[in-house]
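Report on one structure; see the data block that follows.
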Amino acid sequence: MSQSLSPECTPLKQKYDSCFNSWFEGYLDPAVAASNPAGAQAAHSKKKADEFNQKCGSVWEQYKTCVQQAVKDKGLDKLLQQAREENPLIDPIPPRAHNT
């Protein structure tokens, strides 16, 4: 696994990466089965989202806070804001309906 933006954040990153990878593997298993009806997939997704928050949510918040502080400490927050102002994200254009 790679290092974080700040050495102080790396242990949290590794802990979060491990948690996320374990959770995501379980998330994908039943979802790839083509025979699952859409309702079952939606219920599975909701259950897995709740599981993620329970298992990984706390470490994610800790890691995110650490990285946000590192961004500020390195002065990158000003560069990020400038980039957002110069090139704002826009909503994608919805696909056109095909007349078939």
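Going through the structure tokens in order, the chains are called A, B, and so on, while each chain numbers its residues from 1 and the ligands are numbered from 1 in the order shown.
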| said: Give me, as a PyMOL selection string, all polymer residues having an atom no more than 10 Å from range 56-66 of chain A, counting only C-alpha atoms and skipping those fewer than 6 positions away in the same chain. | reply: chain A and resi 4-6+8-20+22-23+49-50
Please, could you write that set of residues out with all heavy atoms as a short mmCIF file (atom, residue, chain, number, x, y, z; two decimals), in the first residue's frame?
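The resulting file, out-v8.cif, is shown below:
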```
data_model
loop_
_atom_site.label_atom_id
_atom_site.label_comp_id
_atom_site.auth_asym_id
_atom_site.auth_seq_id
_atom_site.Cartn_x
_atom_site.Cartn_y
_atom_site.Cartn_z
N SER A 4 0.68 7.96 2.63
CA SER A 4 -0.28 9.04 2.63
C SER A 4 0.43 10.36 2.33
O SER A 4 1.67 10.42 2.26
CB SER A 4 -0.98 9.11 3.98
OG SER A 4 -1.99 10.09 3.95
N LEU A 5 -0.33 11.42 2.20
CA LEU A 5 0.22 12.75 1.94
C LEU A 5 1.17 13.18 3.05
O LEU A 5 2.15 13.86 2.81
CB LEU A 5 -0.95 13.75 1.82
CG LEU A 5 -0.59 15.21 1.62
CD1 LEU A 5 0.13 15.40 0.30
CD2 LEU A 5 -1.86 16.05 1.67
N SER A 6 0.88 12.76 4.27
CA SER A 6 1.70 13.10 5.42
C SER A 6 2.07 11.81 6.16
O SER A 6 1.22 10.93 6.32
CB SER A 6 0.91 14.02 6.35
OG SER A 6 1.60 14.23 7.55
N GLU A 8 2.31 11.23 9.17
CA GLU A 8 1.43 11.03 10.34
C GLU A 8 0.12 10.35 9.96
O GLU A 8 -0.52 9.73 10.80
CB GLU A 8 1.13 12.38 11.02
CG GLU A 8 2.32 13.05 11.63
CD GLU A 8 3.16 13.84 10.63
OE1 GLU A 8 2.68 14.18 9.53
OE2 GLU A 8 4.34 14.11 10.95
N CYS A 9 -0.28 10.50 8.71
CA CYS A 9 -1.55 9.93 8.25
C CYS A 9 -1.41 8.50 7.73
O CYS A 9 -2.41 7.80 7.56
CB CYS A 9 -2.15 10.80 7.15
SG CYS A 9 -2.49 12.50 7.64
N THR A 10 -0.20 8.06 7.45
CA THR A 10 0.01 6.76 6.82
C THR A 10 -0.56 5.59 7.63
O THR A 10 -1.22 4.72 7.04
CB THR A 10 1.49 6.54 6.49
OG1 THR A 10 1.88 7.55 5.54
CG2 THR A 10 1.75 5.17 5.88
N PRO A 11 -0.38 5.52 8.95
CA PRO A 11 -1.00 4.39 9.68
C PRO A 11 -2.52 4.36 9.55
O PRO A 11 -3.11 3.29 9.40
CB PRO A 11 -0.57 4.62 11.13
CG PRO A 11 0.67 5.43 11.05
CD PRO A 11 0.48 6.32 9.84
N LEU A 12 -3.14 5.54 9.56
CA LEU A 12 -4.60 5.59 9.38
C LEU A 12 -4.98 5.17 7.96
O LEU A 12 -5.98 4.49 7.76
CB LEU A 12 -5.12 7.00 9.67
CG LEU A 12 -5.13 7.42 11.12
CD1 LEU A 12 -5.41 8.91 11.25
CD2 LEU A 12 -6.15 6.62 11.92
N LYS A 13 -4.18 5.58 6.99
CA LYS A 13 -4.45 5.20 5.60
C LYS A 13 -4.38 3.69 5.45
O LYS A 13 -5.24 3.07 4.82
CB LYS A 13 -3.46 5.86 4.64
CG LYS A 13 -3.68 5.47 3.19
CD LYS A 13 -2.57 5.97 2.31
CE LYS A 13 -2.81 5.68 0.85
NZ LYS A 13 -3.17 4.32 0.53
N GLN A 14 -3.37 3.09 6.01
CA GLN A 14 -3.21 1.64 5.90
C GLN A 14 -4.36 0.91 6.59
O GLN A 14 -4.88 -0.07 6.07
CB GLN A 14 -1.87 1.22 6.49
CG GLN A 14 -0.71 1.69 5.63
CD GLN A 14 0.65 1.50 6.29
OE1 GLN A 14 0.76 1.32 7.49
NE2 GLN A 14 1.70 1.59 5.47
N LYS A 15 -4.78 1.41 7.74
CA LYS A 15 -5.90 0.81 8.46
C LYS A 15 -7.19 0.95 7.64
O LYS A 15 -7.96 0.00 7.50
CB LYS A 15 -6.05 1.48 9.83
CG LYS A 15 -7.07 0.84 10.72
CD LYS A 15 -7.04 1.48 12.11
CE LYS A 15 -8.10 0.87 13.00
NZ LYS A 15 -8.12 1.50 14.33
N TYR A 16 -7.40 2.15 7.08
CA TYR A 16 -8.60 2.37 6.27
C TYR A 16 -8.55 1.52 5.00
O TYR A 16 -9.55 0.90 4.63
CB TYR A 16 -8.77 3.85 5.91
CG TYR A 16 -9.89 4.02 4.93
CD1 TYR A 16 -11.22 3.87 5.35
CD2 TYR A 16 -9.65 4.28 3.59
CE1 TYR A 16 -12.26 3.97 4.45
CE2 TYR A 16 -10.68 4.40 2.69
CZ TYR A 16 -11.99 4.24 3.12
OH TYR A 16 -13.02 4.33 2.22
N ASP A 17 -7.43 1.51 4.30
CA ASP A 17 -7.31 0.71 3.08
C ASP A 17 -7.64 -0.75 3.33
O ASP A 17 -8.36 -1.38 2.56
CB ASP A 17 -5.90 0.81 2.49
CG ASP A 17 -5.62 2.13 1.79
OD1 ASP A 17 -6.56 2.93 1.61
OD2 ASP A 17 -4.44 2.36 1.45
N SER A 18 -7.12 -1.28 4.42
CA SER A 18 -7.37 -2.68 4.77
C SER A 18 -8.86 -2.91 5.03
O SER A 18 -9.44 -3.88 4.54
CB SER A 18 -6.54 -3.06 5.99
OG SER A 18 -6.81 -4.37 6.37
N CYS A 19 -9.46 -2.02 5.79
CA CYS A 19 -10.88 -2.14 6.10
C CYS A 19 -11.71 -2.03 4.82
O CYS A 19 -12.60 -2.85 4.57
CB CYS A 19 -11.29 -1.06 7.10
SG CYS A 19 -12.99 -1.22 7.68
N PHE A 20 -11.43 -1.03 4.00
CA PHE A 20 -12.19 -0.82 2.78
C PHE A 20 -12.06 -2.02 1.83
O PHE A 20 -13.05 -2.49 1.29
CB PHE A 20 -11.72 0.45 2.05
CG PHE A 20 -12.43 0.64 0.74
CD1 PHE A 20 -13.68 1.23 0.70
CD2 PHE A 20 -11.84 0.21 -0.44
CE1 PHE A 20 -14.34 1.39 -0.51
CE2 PHE A 20 -12.49 0.36 -1.65
CZ PHE A 20 -13.75 0.95 -1.69
N SER A 22 -11.37 -5.13 2.47
CA SER A 22 -12.11 -6.27 3.01
C SER A 22 -13.61 -6.09 2.78
O SER A 22 -14.30 -7.00 2.34
CB SER A 22 -11.80 -6.42 4.50
OG SER A 22 -12.58 -7.43 5.07
N TRP A 23 -14.11 -4.89 3.07
CA TRP A 23 -15.53 -4.61 2.88
C TRP A 23 -15.91 -4.69 1.40
O TRP A 23 -16.92 -5.29 1.04
CB TRP A 23 -15.85 -3.22 3.43
CG TRP A 23 -17.22 -2.76 3.05
CD1 TRP A 23 -18.38 -3.05 3.68
CD2 TRP A 23 -17.56 -1.95 1.93
NE1 TRP A 23 -19.43 -2.46 3.02
CE2 TRP A 23 -18.95 -1.78 1.93
CE3 TRP A 23 -16.81 -1.34 0.92
CZ2 TRP A 23 -19.62 -1.03 0.97
CZ3 TRP A 23 -17.48 -0.60 -0.04
CH2 TRP A 23 -18.87 -0.45 -0.01
N ALA A 49 -23.71 -0.63 2.62
CA ALA A 49 -23.39 0.75 2.98
C ALA A 49 -23.44 0.91 4.50
O ALA A 49 -22.56 1.54 5.09
CB ALA A 49 -24.35 1.72 2.29
N ASP A 50 -24.47 0.34 5.11
CA ASP A 50 -24.57 0.40 6.57
C ASP A 50 -23.41 -0.34 7.23
O ASP A 50 -22.84 0.14 8.22
CB ASP A 50 -25.90 -0.21 7.04
CG ASP A 50 -27.10 0.63 6.63
OD1 ASP A 50 -26.92 1.82 6.29
OD2 ASP A 50 -28.23 0.08 6.66
#
```
| said: If you run DSSP on the backbone here, which positions in chain A get helix (DSSP H, G or I)? Please write them as a PyMOL selection string. | reply: chain A and resi 7-31+38-73+76-86
| message | Given only C-alpha atoms as the basis, pick out the residue of A:Gly26, A:Val67, A:Glu86, A:Lys78 nearest to Lys47 in chain A. | response |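 Answer, going by the shortest atom-to-atom distance: A:Gly26.
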